[in-house]
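Okay, coords.cif now, which holds mmCIF, C-alpha atoms:
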```cif
data_upload
loop_
_atom_site.label_atom_id
_atom_site.label_comp_id
_atom_site.auth_asym_id
_atom_site.auth_seq_id
_atom_site.Cartn_x
_atom_site.Cartn_y
_atom_site.Cartn_z
CA MET A 6 56.57 -28.87 -14.91
CA ALA A 7 54.06 -29.80 -12.23
CA ALA A 8 54.88 -29.05 -8.60
CA PRO A 9 55.79 -32.01 -6.36
CA GLU A 10 52.62 -33.41 -4.84
CA MET A 11 53.12 -32.02 -1.34
CA PHE A 12 53.59 -28.53 -2.81
CA ASN A 13 50.95 -28.88 -5.52
CA LEU A 14 48.19 -26.27 -5.32
CA ASP A 15 46.06 -27.55 -8.19
CA GLY A 16 42.39 -26.92 -7.47
CA ARG A 17 43.12 -24.38 -4.72
CA VAL A 18 41.93 -20.78 -4.76
CA ALA A 19 44.24 -18.12 -3.34
CA VAL A 20 43.64 -14.46 -2.52
CA VAL A 21 46.62 -12.09 -2.35
CA THR A 22 46.04 -8.53 -1.18
CA GLY A 23 48.44 -5.99 -2.63
CA GLY A 24 49.35 -8.69 -5.14
CA ASN A 25 50.09 -6.39 -8.07
CA GLY A 26 53.65 -5.38 -7.19
CA GLY A 27 56.76 -6.23 -5.19
CA ILE A 28 56.51 -9.08 -2.72
CA GLY A 29 52.77 -9.50 -3.30
CA ARG A 30 53.24 -9.92 -7.04
CA GLY A 31 56.02 -12.43 -6.45
CA ILE A 32 53.80 -14.45 -4.13
CA ALA A 33 50.82 -14.31 -6.50
CA LEU A 34 52.96 -15.61 -9.38
CA GLY A 35 54.53 -18.28 -7.17
CA LEU A 36 51.15 -19.60 -6.06
CA ALA A 37 49.98 -19.65 -9.68
CA GLU A 38 53.10 -21.56 -10.77
CA ALA A 39 52.25 -24.16 -8.09
CA GLY A 40 48.79 -24.56 -9.62
CA ALA A 41 46.51 -22.24 -7.66
CA ALA A 42 43.84 -20.01 -9.13
CA VAL A 43 44.79 -16.57 -7.85
CA ALA A 44 42.72 -13.49 -7.07
CA VAL A 45 44.72 -10.28 -6.70
CA LEU A 46 43.02 -7.58 -4.62
CA ALA A 47 44.75 -4.21 -4.92
CA ARG A 48 44.12 -0.51 -5.50
CA ASN A 49 45.97 0.28 -8.74
CA GLN A 50 43.92 -1.00 -11.67
CA ASP A 51 46.71 -0.60 -14.25
CA LYS A 52 49.06 -2.73 -12.13
CA ASN A 53 46.22 -5.18 -11.54
CA GLU A 54 45.79 -5.67 -15.27
CA ALA A 55 49.54 -6.12 -15.75
CA VAL A 56 49.86 -8.87 -13.14
CA LEU A 57 46.67 -10.50 -14.39
CA GLY A 58 48.31 -10.91 -17.78
CA GLU A 59 51.31 -12.57 -16.14
CA LEU A 60 49.08 -14.89 -14.12
CA ARG A 61 47.08 -15.96 -17.15
CA ALA A 62 50.31 -16.59 -19.07
CA LEU A 63 50.95 -19.26 -16.44
CA ASN A 64 47.61 -20.86 -17.35
CA SER A 65 46.21 -19.78 -14.02
CA ALA A 66 42.45 -19.17 -13.76
CA SER A 67 42.91 -15.79 -12.14
CA ILE A 68 41.16 -12.48 -11.53
CA ALA A 69 42.20 -9.04 -10.31
CA LEU A 70 39.81 -6.82 -8.39
CA LYS A 71 40.30 -3.18 -7.53
CA LEU A 72 40.10 -2.95 -3.76
CA ASP A 73 41.28 -0.59 -1.05
CA VAL A 74 41.61 -2.79 2.04
CA THR A 75 40.79 0.18 4.29
CA ASP A 76 37.27 0.23 2.82
CA ARG A 77 35.65 -2.14 5.31
CA ASP A 78 32.33 -2.23 3.49
CA ALA A 79 34.06 -3.51 0.33
CA LEU A 80 35.88 -6.47 1.89
CA ALA A 81 33.06 -9.02 2.14
CA PRO A 82 31.69 -8.22 -1.35
CA ALA A 83 35.19 -8.62 -2.83
CA MET A 84 35.67 -12.00 -1.16
CA SER A 85 32.21 -13.06 -2.31
CA GLU A 86 33.07 -12.09 -5.88
CA VAL A 87 36.23 -14.20 -5.70
CA GLU A 88 34.20 -17.20 -4.55
CA ARG A 89 31.60 -16.66 -7.28
CA LYS A 90 34.24 -16.52 -10.01
CA LEU A 91 36.88 -18.96 -8.78
CA GLY A 92 35.35 -21.01 -5.98
CA PRO A 93 35.76 -21.19 -2.20
CA VAL A 94 38.93 -19.53 -0.92
CA ASP A 95 41.54 -21.98 0.37
CA ILE A 96 44.48 -19.61 0.82
CA LEU A 97 44.53 -15.99 2.02
CA VAL A 98 47.72 -13.92 1.89
CA ASN A 99 47.41 -10.65 3.82
CA ASN A 100 50.16 -8.72 2.08
CA ALA A 101 48.75 -5.20 1.55
CA GLY A 102 50.62 -2.69 3.66
CA ILE A 103 51.91 0.85 3.91
CA ALA A 104 54.59 2.65 5.92
CA LEU A 105 54.15 6.33 6.69
CA PRO A 106 56.74 8.41 8.54
CA GLY A 107 56.05 10.16 11.80
CA GLY A 108 57.60 9.52 15.20
CA VAL A 109 55.52 9.59 18.36
CA LEU A 110 56.20 13.31 18.92
CA LYS A 111 54.97 14.30 15.47
CA VAL A 112 52.62 11.69 13.98
CA ASP A 113 48.97 12.72 13.72
CA ALA A 114 46.11 10.43 14.64
CA ALA A 115 44.87 10.16 11.04
CA THR A 116 48.23 8.85 9.84
CA TRP A 117 48.40 6.37 12.72
CA ASP A 118 44.87 5.15 11.99
CA ARG A 119 45.54 4.75 8.26
CA VAL A 120 48.58 2.54 8.86
CA ILE A 121 46.87 0.41 11.50
CA GLU A 122 43.76 0.04 9.33
CA THR A 123 45.77 -1.01 6.28
CA ASN A 124 48.34 -3.28 7.89
CA LEU A 125 46.50 -4.81 10.84
CA ASN A 126 42.76 -4.28 10.82
CA SER A 127 42.30 -5.39 7.21
CA GLY A 128 44.28 -8.55 7.92
CA PHE A 129 41.96 -9.37 10.82
CA LEU A 130 38.77 -8.61 8.90
CA LEU A 131 39.76 -10.51 5.76
CA SER A 132 40.97 -13.44 7.84
CA GLN A 133 37.63 -13.51 9.64
CA ILE A 134 35.74 -13.60 6.36
CA ALA A 135 38.03 -16.27 4.92
CA ALA A 136 38.03 -18.40 8.08
CA ARG A 137 34.24 -18.45 8.22
CA SER A 138 34.30 -19.94 4.72
CA MET A 139 37.17 -22.34 5.44
CA ALA A 140 35.95 -23.71 8.79
CA PRO A 141 32.97 -25.72 7.47
CA ARG A 142 35.27 -27.28 4.85
CA LYS A 143 37.88 -28.14 7.51
CA ARG A 144 40.84 -26.77 5.60
CA GLY A 145 42.52 -23.47 4.95
CA LYS A 146 45.76 -21.51 4.97
CA ILE A 147 46.17 -17.91 6.13
CA ILE A 148 49.54 -16.24 5.57
CA ASN A 149 50.32 -12.82 7.02
CA ILE A 150 53.19 -10.74 5.64
CA ALA A 151 54.88 -9.05 8.57
CA SER A 152 58.16 -7.13 8.76
CA GLU A 153 61.53 -7.04 10.48
CA TYR A 154 60.02 -4.14 12.41
CA SER A 155 57.59 -6.54 14.05
CA ARG A 156 60.72 -7.46 16.05
CA PHE A 157 62.70 -4.22 16.12
CA GLY A 158 61.74 -0.73 17.21
CA ASN A 159 61.21 1.90 14.53
CA PRO A 160 61.66 5.52 15.69
CA ILE A 161 60.75 6.88 12.25
CA ALA A 162 57.47 4.99 11.78
CA PRO A 163 56.21 3.50 15.06
CA SER A 164 52.77 3.01 13.52
CA TYR A 165 54.30 0.59 11.02
CA ALA A 166 56.21 -1.34 13.69
CA ALA A 167 53.13 -1.54 15.92
CA SER A 168 50.92 -2.76 13.08
CA LYS A 169 53.36 -5.47 12.05
CA GLY A 170 54.01 -6.51 15.64
CA GLY A 171 50.26 -6.79 16.12
CA LEU A 172 50.03 -8.90 12.98
CA ILE A 173 52.46 -11.43 14.48
CA GLN A 174 50.35 -11.69 17.65
CA LEU A 175 47.18 -11.96 15.55
CA THR A 176 48.84 -14.81 13.63
CA LYS A 177 49.55 -16.73 16.82
CA SER A 178 46.09 -16.12 18.27
CA MET A 179 44.27 -17.19 15.11
CA ALA A 180 46.52 -20.23 14.81
CA VAL A 181 45.45 -21.44 18.25
CA GLU A 182 41.75 -20.80 17.64
CA LEU A 183 41.53 -22.13 14.10
CA ALA A 184 43.63 -25.29 14.51
CA ALA A 185 40.48 -27.19 15.51
CA HIS A 186 39.13 -26.42 12.02
CA ASN A 187 42.33 -27.60 10.26
CA ILE A 188 43.20 -24.03 9.30
CA GLN A 189 46.88 -23.15 9.56
CA VAL A 190 47.89 -19.53 10.17
CA ASN A 191 51.50 -18.42 9.75
CA ALA A 192 53.54 -15.31 9.07
CA ILE A 193 56.40 -14.45 6.74
CA VAL A 194 58.90 -11.77 7.69
CA PRO A 195 60.67 -10.53 4.57
CA GLY A 196 64.04 -8.90 4.94
CA TRP A 197 65.29 -6.32 2.48
CA ILE A 198 63.79 -7.35 -0.85
CA GLU A 199 64.45 -5.96 -4.34
CA SER A 200 61.36 -3.95 -5.29
CA GLU A 201 60.17 -0.55 -6.47
CA MET A 202 59.84 0.45 -2.81
CA THR A 203 63.45 -0.35 -1.91
CA ALA A 204 65.04 0.78 -5.20
CA PRO A 205 65.68 4.38 -3.98
CA ILE A 206 67.90 3.04 -1.17
CA LYS A 207 70.57 1.89 -3.62
CA GLY A 208 73.51 4.24 -3.79
CA ARG A 209 72.93 5.53 -0.25
CA PRO A 210 75.08 4.72 2.80
CA PHE A 211 72.09 2.93 4.35
CA TYR A 212 72.19 0.40 1.49
CA ASP A 213 75.78 -0.51 2.34
CA ASP A 214 74.82 -0.85 6.01
CA ILE A 215 72.07 -3.34 5.08
CA ILE A 216 74.42 -5.42 2.95
CA LYS A 217 77.02 -5.51 5.75
CA ARG A 218 74.44 -6.62 8.30
CA THR A 219 72.91 -9.31 6.05
CA PRO A 220 74.97 -12.53 6.26
CA ALA A 221 73.84 -13.48 2.74
CA GLY A 222 75.43 -10.23 1.55
CA ARG A 223 72.59 -9.14 -0.73
CA PHE A 224 68.93 -8.16 -0.99
CA GLY A 225 66.41 -10.92 -1.53
CA THR A 226 63.93 -11.24 -4.39
CA PRO A 227 60.13 -11.43 -4.40
CA LYS A 228 60.43 -14.96 -5.80
CA GLU A 229 62.31 -16.03 -2.67
CA CYS A 230 59.38 -14.82 -0.58
CA ALA A 231 57.11 -16.79 -2.90
CA GLY A 232 58.95 -19.99 -2.02
CA ALA A 233 58.01 -19.60 1.64
CA ALA A 234 54.44 -18.72 0.71
CA VAL A 235 54.02 -21.82 -1.47
CA PHE A 236 55.30 -23.95 1.41
CA LEU A 237 52.87 -22.36 3.88
CA ALA A 238 49.99 -22.66 1.38
CA SER A 239 50.60 -26.33 0.64
CA HIS A 240 50.16 -29.74 2.29
CA ALA A 241 53.87 -29.58 3.15
CA SER A 242 52.99 -27.25 6.03
CA ASP A 243 49.89 -29.00 7.38
CA PHE A 244 51.56 -29.43 10.81
CA VAL A 245 53.00 -25.89 10.86
CA THR A 246 50.89 -23.20 12.49
CA GLY A 247 51.55 -20.05 14.49
CA ALA A 248 55.05 -19.86 13.03
CA THR A 249 56.98 -16.84 11.85
CA ILE A 250 59.36 -17.57 8.98
CA PHE A 251 62.12 -15.04 8.34
CA VAL A 252 63.08 -14.70 4.68
CA ASP A 253 65.87 -12.21 5.21
CA GLY A 254 69.25 -13.75 4.47
CA GLY A 255 70.00 -13.77 8.20
CA TYR A 256 69.42 -10.04 8.75
CA ALA A 257 67.45 -10.54 11.97
CA ILE A 258 70.00 -12.77 13.67
CA ARG A 259 73.09 -10.58 13.20
#
```

Before we go any further, please render this structure as structure tokens.
Amino acid sequence: MAAPEMFNLDGRVAVVTGGNGGIGRGIALGLAEAGAAVAVLARNQDKNEAVLGELRALNSASIALKLDVTDRDALAPAMSEVERKLGPVDILVNNAGIALPGGVLKVDAATWDRVIETNLNSGFLLSQIAARSMAPRKRGKIINIASEYSRFGNPIAPSYAASKGGLIQLTKSMAVELAAHNIQVNAIVPGWIESEMTAPIKGRPFYDDIIKRTPAGRFGTPKECAGAAVFLASHASDFVTGATIFVDGGYAIR
């Protein structure tokens, strides 16, 4: 069934970093279901091939490229390859991210740099590349995937919290600058989402604490994050920019 016109992404080209698993995979599939051609950029080639099969089963003209977003020299060539194969990029989802433990008393500089490079710097650099393509066409959507820890402190992984907090401020700053070019920039803050990353939490006391704190009383699903992404990628959000949308079942407000 075709998406309603205001949510229809037919003819649009979307890039999703880290789009081969978890939230990124859910978003990639959601954009494809809405009609977009999707390019997944991620490190694990086996997972890339798996999600590519799912995308093509949706009749999406899609590709998957092996890319480590910390390799700065590879970013522009990867985006150029997407445009050669699928066309000009209309939608960029900066989803790739990592969390590495190490409080301020123990974390080493290399670990800090790796997290900041993956979660924040790559989002800036890819957004810059995409925006330079979008601006002459006077349309574009950039969606940054942040975290609850962009709002809360994280004593276990301050590098992660700092990177995601920076991503929220980058979202706002780009939204102001790029509005004149009809490019909307927004952020999604997922709550606790069912995924391979969160699966080990089940059965632990921390899992029960999350459920108690979440008014919805459960974890979310990647598909529920995809719903917000389709909205922010579509004409339905043309007057929405600089916003942060929490997809967390109310976790952040309790």

Determine, counting all atoms listed in the file, which protein, DNA and RNA residues have an atom within 9 Å of an atom of Ala104 of chain A; residues of the same chain fewer than 3 positions away are not included. Present the result as a JSON list (two decimals) with C-alpha atoms, in the coordinates of the input.
```
[["chain", "number", "residue", "atom", "x", "y", "z"],
["A", 120, "VAL", "CA", 48.58, 2.54, 8.86],
["A", 124, "ASN", "CA", 48.34, -3.28, 7.89],
["A", 162, "ALA", "CA", 57.47, 4.99, 11.78],
["A", 164, "SER", "CA", 52.77, 3.01, 13.52],
["A", 165, "TYR", "CA", 54.30, 0.59, 11.02],
["A", 166, "ALA", "CA", 56.21, -1.34, 13.69]]
```

Practice prompt. Select, from A:Leu183, A:Leu14, A:Ala69, A:Val112, the residue with the minimum atom-to-atom distance to Arg30 of chain A, counting all atoms listed in the file.
Written response: A:Ala69

Rows by chain and residue number, segment 173-251 of chain A within 10 Å of segment 23-27 of chain A, shortest pair, only C-alpha atoms, as CSV:
```
residue,atom,partner,partner_atom,distance
A:Ile198,CA,A:Gly27,CA,8.3
A:Glu199,CA,A:Gly27,CA,7.7
A:Ser200,CA,A:Gly27,CA,5.1
A:Glu201,CA,A:Gly27,CA,6.7
A:Met202,CA,A:Gly27,CA,7.7
A:Thr203,CA,A:Gly27,CA,9.5
A:Thr226,CA,A:Gly27,CA,8.8
A:Pro227,CA,A:Gly27,CA,6.2
A:Lys228,CA,A:Gly27,CA,9.5
```

Fill in: Option closest in space to Asn187 of chain A, from A:Ser168, A:Asp214, A:Lys146, A:Gly208 [counting all atoms listed in the file]
A:Lys146

Discussion item. Quick one: residues within 8 Å of Glu153 of chain A, all atoms listed in the file, excluding same-chain residues fewer than 5 positions away - as a list in words?
Written reply: Val194, Pro195, Gly196 and Ala257 of chain A

Item to complete: Point out the residue among A:Ile193, A:Val94, A:Ile206, A:Val252 with the least atom-to-atom distance to Thr219 of chain A, counting all atoms listed in the file.
Response: A:Val252

Counting only C-alpha atoms, which residues sit no farther than 6 Å from the position (51.4, -16.6, -14.9) in the file's frame? I'd like them as a PDB file with C-alpha atoms, keeping the file's coordinate frame.
```pdb
ATOM      1  CA  LEU A  34      52.960 -15.610  -9.380  1.00  0.00           C
ATOM      2  CA  GLU A  59      51.310 -12.570 -16.140  1.00  0.00           C
ATOM      3  CA  LEU A  60      49.080 -14.890 -14.120  1.00  0.00           C
ATOM      4  CA  ARG A  61      47.080 -15.960 -17.150  1.00  0.00           C
ATOM      5  CA  ALA A  62      50.310 -16.590 -19.070  1.00  0.00           C
ATOM      6  CA  LEU A  63      50.950 -19.260 -16.440  1.00  0.00           C
TER       7      LEU A  63
END
```

Discussion item. Which residue is closest to Gln174 of chain A? Choose from A:Thr249, A:Ala231, A:Pro9, A:Gly108 and count all atoms listed in the file.
Written reply: A:Thr249

Worksheet entry | 8 Å contact set for segment 137-145 of chain A, only C-alpha atoms, chain neighbours under 3 positions out, as a VMD selection string | chain A and resid 93 to 96 133 to 134 183 186 to 189

Item to complete: Find the distance between atom CA of Leu46 of chain A and atom CA of Val21 of chain A and write it in Å to one decimal.
Response: 6.2 Å

Item to complete: Step by step: start from the point (48.2, -17.1, 12.4) in the file's coordinates, keep every protein, DNA or RNA residue that has an atom no farther than 8 Å from it, count only C-alpha atoms, and write the set as a list in words.
Response: Ile147, Ile148, Asn149, Ile173, Gln174, Leu175, Thr176, Lys177, Ser178, Met179, Ala180, Val181, Gln189, Val190, Asn191, Ala192, Thr246, Gly247 and Ala248 of chain A

Can I get the selection written as a PDB file, in the frame of the given file, with C-alpha atoms?
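Result written to part-v3.pdb:
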```pdb
ATOM      1  CA  ILE A 147      46.170 -17.910   6.130  1.00  0.00           C
ATOM      2  CA  ILE A 148      49.540 -16.240   5.570  1.00  0.00           C
ATOM      3  CA  ASN A 149      50.320 -12.820   7.020  1.00  0.00           C
ATOM      4  CA  ILE A 173      52.460 -11.430  14.480  1.00  0.00           C
ATOM      5  CA  GLN A 174      50.350 -11.690  17.650  1.00  0.00           C
ATOM      6  CA  LEU A 175      47.180 -11.960  15.550  1.00  0.00           C
ATOM      7  CA  THR A 176      48.840 -14.810  13.630  1.00  0.00           C
ATOM      8  CA  LYS A 177      49.550 -16.730  16.820  1.00  0.00           C
ATOM      9  CA  SER A 178      46.090 -16.120  18.270  1.00  0.00           C
ATOM     10  CA  MET A 179      44.270 -17.190  15.110  1.00  0.00           C
ATOM     11  CA  ALA A 180      46.520 -20.230  14.810  1.00  0.00           C
ATOM     12  CA  VAL A 181      45.450 -21.440  18.250  1.00  0.00           C
ATOM     13  CA  GLN A 189      46.880 -23.150   9.560  1.00  0.00           C
ATOM     14  CA  VAL A 190      47.890 -19.530  10.170  1.00  0.00           C
ATOM     15  CA  ASN A 191      51.500 -18.420   9.750  1.00  0.00           C
ATOM     16  CA  ALA A 192      53.540 -15.310   9.070  1.00  0.00           C
ATOM     17  CA  THR A 246      50.890 -23.200  12.490  1.00  0.00           C
ATOM     18  CA  GLY A 247      51.550 -20.050  14.490  1.00  0.00           C
ATOM     19  CA  ALA A 248      55.050 -19.860  13.030  1.00  0.00           C
TER      20      ALA A 248
END
```

Practice prompt. For Phe157 of chain A, list every protein, DNA or RNA residue within 10 Å, evaluated using all atoms listed in the file, and leave out those in the same chain fewer than 2 positions away; present the list as number ranges by chain.
Written response: A: 152-155, 159-160, 166-167, 170, 257

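Across the structure, atom CA of Phe129 of chain A and atom CA of Ala33 of chain A are spaced 20.1 Å apart.
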
Item to complete: Please write the residues picked by the PyMOL selection byres ((chain A and resi 83) around 12) on this file as a PyMOL selection string.
Response: chain A and resi 20-22+44-47+68-74+76-82+84-90+94+131+134-135

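As for atom CA of Arg259 of chain A and atom CA of Thr123 of chain A, they are spaced 29.8 Å apart.
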
Evaluate the PyMOL selection byres ((chain A and resi 43) around 6) here and jot the selected residues down as a PDB file with C-alpha atoms, in the frame of the given file.
```pdb
ATOM      1  CA  VAL A  18      41.930 -20.780  -4.760  1.00  0.00           C
ATOM      2  CA  ALA A  19      44.240 -18.120  -3.340  1.00  0.00           C
ATOM      3  CA  VAL A  20      43.640 -14.460  -2.520  1.00  0.00           C
ATOM      4  CA  ALA A  41      46.510 -22.240  -7.660  1.00  0.00           C
ATOM      5  CA  ALA A  42      43.840 -20.010  -9.130  1.00  0.00           C
ATOM      6  CA  ALA A  44      42.720 -13.490  -7.070  1.00  0.00           C
ATOM      7  CA  SER A  67      42.910 -15.790 -12.140  1.00  0.00           C
TER       8      SER A  67
END
```

Fill in: Using all atoms listed in the file: which of A:Gly158, A:Gly171, A:Pro220, A:Gly107 has the shortest distance to Asn126 of chain A
A:Gly171

Provide segment 137-157 of chain A rebuilt to N, CA, C and O atoms, formatted as a PDB file, keeping the file's coordinate frame.
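Listed below is the output, out_25.pdb:
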```pdb
ATOM      1  N   ARG A 137      35.634 -18.019   8.140  1.00  0.00           N
ATOM      2  CA  ARG A 137      34.240 -18.450   8.220  1.00  0.00           C
ATOM      3  C   ARG A 137      33.846 -19.296   7.016  1.00  0.00           C
ATOM      4  O   ARG A 137      32.937 -20.127   7.109  1.00  0.00           O
ATOM      5  N   SER A 138      34.522 -19.102   5.897  1.00  0.00           N
ATOM      6  CA  SER A 138      34.300 -19.940   4.720  1.00  0.00           C
ATOM      7  C   SER A 138      35.089 -21.247   4.820  1.00  0.00           C
ATOM      8  O   SER A 138      34.615 -22.311   4.425  1.00  0.00           O
ATOM      9  N   MET A 139      36.298 -21.163   5.364  1.00  0.00           N
ATOM     10  CA  MET A 139      37.170 -22.340   5.440  1.00  0.00           C
ATOM     11  C   MET A 139      36.708 -23.336   6.503  1.00  0.00           C
ATOM     12  O   MET A 139      36.804 -24.555   6.296  1.00  0.00           O
ATOM     13  N   ALA A 140      36.238 -22.835   7.639  1.00  0.00           N
ATOM     14  CA  ALA A 140      35.950 -23.710   8.790  1.00  0.00           C
ATOM     15  C   ALA A 140      34.982 -24.850   8.470  1.00  0.00           C
ATOM     16  O   ALA A 140      35.256 -26.002   8.837  1.00  0.00           O
ATOM     17  N   PRO A 141      33.864 -24.600   7.773  1.00  0.00           N
ATOM     18  CA  PRO A 141      32.970 -25.720   7.470  1.00  0.00           C
ATOM     19  C   PRO A 141      33.594 -26.765   6.557  1.00  0.00           C
ATOM     20  O   PRO A 141      33.189 -27.937   6.577  1.00  0.00           O
ATOM     21  N   ARG A 142      34.597 -26.347   5.753  1.00  0.00           N
ATOM     22  CA  ARG A 142      35.270 -27.280   4.850  1.00  0.00           C
ATOM     23  C   ARG A 142      36.463 -27.972   5.500  1.00  0.00           C
ATOM     24  O   ARG A 142      37.090 -28.830   4.913  1.00  0.00           O
ATOM     25  N   LYS A 143      36.798 -27.536   6.722  1.00  0.00           N
ATOM     26  CA  LYS A 143      37.880 -28.140   7.510  1.00  0.00           C
ATOM     27  C   LYS A 143      39.224 -28.098   6.805  1.00  0.00           C
ATOM     28  O   LYS A 143      40.006 -29.048   6.871  1.00  0.00           O
ATOM     29  N   ARG A 144      39.508 -26.961   6.147  1.00  0.00           N
ATOM     30  CA  ARG A 144      40.840 -26.770   5.600  1.00  0.00           C
ATOM     31  C   ARG A 144      41.017 -25.311   5.225  1.00  0.00           C
ATOM     32  O   ARG A 144      40.058 -24.637   4.833  1.00  0.00           O
ATOM     33  N   GLY A 145      42.240 -24.838   5.342  1.00  0.00           N
ATOM     34  CA  GLY A 145      42.520 -23.470   4.950  1.00  0.00           C
ATOM     35  C   GLY A 145      43.909 -23.048   5.382  1.00  0.00           C
ATOM     36  O   GLY A 145      44.506 -23.611   6.314  1.00  0.00           O
ATOM     37  N   LYS A 146      44.436 -22.057   4.682  1.00  0.00           N
ATOM     38  CA  LYS A 146      45.760 -21.510   4.970  1.00  0.00           C
ATOM     39  C   LYS A 146      45.660 -19.982   4.971  1.00  0.00           C
ATOM     40  O   LYS A 146      45.184 -19.389   4.002  1.00  0.00           O
ATOM     41  N   ILE A 147      46.105 -19.368   6.050  1.00  0.00           N
ATOM     42  CA  ILE A 147      46.170 -17.910   6.130  1.00  0.00           C
ATOM     43  C   ILE A 147      47.628 -17.535   6.362  1.00  0.00           C
ATOM     44  O   ILE A 147      48.277 -18.051   7.278  1.00  0.00           O
ATOM     45  N   ILE A 148      48.130 -16.649   5.514  1.00  0.00           N
ATOM     46  CA  ILE A 148      49.540 -16.240   5.570  1.00  0.00           C
ATOM     47  C   ILE A 148      49.593 -14.727   5.704  1.00  0.00           C
ATOM     48  O   ILE A 148      49.074 -13.998   4.848  1.00  0.00           O
ATOM     49  N   ASN A 149      50.193 -14.250   6.779  1.00  0.00           N
ATOM     50  CA  ASN A 149      50.320 -12.820   7.020  1.00  0.00           C
ATOM     51  C   ASN A 149      51.742 -12.361   6.728  1.00  0.00           C
ATOM     52  O   ASN A 149      52.705 -13.001   7.172  1.00  0.00           O
ATOM     53  N   ILE A 150      51.867 -11.273   5.972  1.00  0.00           N
ATOM     54  CA  ILE A 150      53.190 -10.740   5.640  1.00  0.00           C
ATOM     55  C   ILE A 150      53.534  -9.653   6.644  1.00  0.00           C
ATOM     56  O   ILE A 150      52.937  -8.576   6.642  1.00  0.00           O
ATOM     57  N   ALA A 151      54.489  -9.969   7.509  1.00  0.00           N
ATOM     58  CA  ALA A 151      54.880  -9.050   8.570  1.00  0.00           C
ATOM     59  C   ALA A 151      56.113  -8.253   8.140  1.00  0.00           C
ATOM     60  O   ALA A 151      56.267  -7.912   6.966  1.00  0.00           O
ATOM     61  N   SER A 152      57.003  -7.976   9.059  1.00  0.00           N
ATOM     62  CA  SER A 152      58.160  -7.130   8.760  1.00  0.00           C
ATOM     63  C   SER A 152      59.223  -7.341   9.827  1.00  0.00           C
ATOM     64  O   SER A 152      58.926  -7.762  10.955  1.00  0.00           O
ATOM     65  N   GLU A 153      60.473  -7.037   9.473  1.00  0.00           N
ATOM     66  CA  GLU A 153      61.530  -7.040  10.480  1.00  0.00           C
ATOM     67  C   GLU A 153      61.164  -6.128  11.649  1.00  0.00           C
ATOM     68  O   GLU A 153      61.560  -6.373  12.789  1.00  0.00           O
ATOM     69  N   TYR A 154      60.387  -5.090  11.352  1.00  0.00           N
ATOM     70  CA  TYR A 154      60.020  -4.140  12.410  1.00  0.00           C
ATOM     71  C   TYR A 154      58.904  -4.669  13.311  1.00  0.00           C
ATOM     72  O   TYR A 154      58.486  -3.985  14.235  1.00  0.00           O
ATOM     73  N   SER A 155      58.442  -5.890  13.058  1.00  0.00           N
ATOM     74  CA  SER A 155      57.590  -6.540  14.050  1.00  0.00           C
ATOM     75  C   SER A 155      58.449  -7.017  15.222  1.00  0.00           C
ATOM     76  O   SER A 155      57.933  -7.339  16.288  1.00  0.00           O
ATOM     77  N   ARG A 156      59.764  -7.029  15.021  1.00  0.00           N
ATOM     78  CA  ARG A 156      60.720  -7.460  16.050  1.00  0.00           C
ATOM     79  C   ARG A 156      61.539  -6.300  16.587  1.00  0.00           C
ATOM     80  O   ARG A 156      61.886  -6.274  17.766  1.00  0.00           O
ATOM     81  N   PHE A 157      61.864  -5.351  15.721  1.00  0.00           N
ATOM     82  CA  PHE A 157      62.700  -4.220  16.120  1.00  0.00           C
ATOM     83  C   PHE A 157      61.859  -2.964  16.325  1.00  0.00           C
ATOM     84  O   PHE A 157      60.783  -2.824  15.751  1.00  0.00           O
TER      85      PHE A 157
END
```
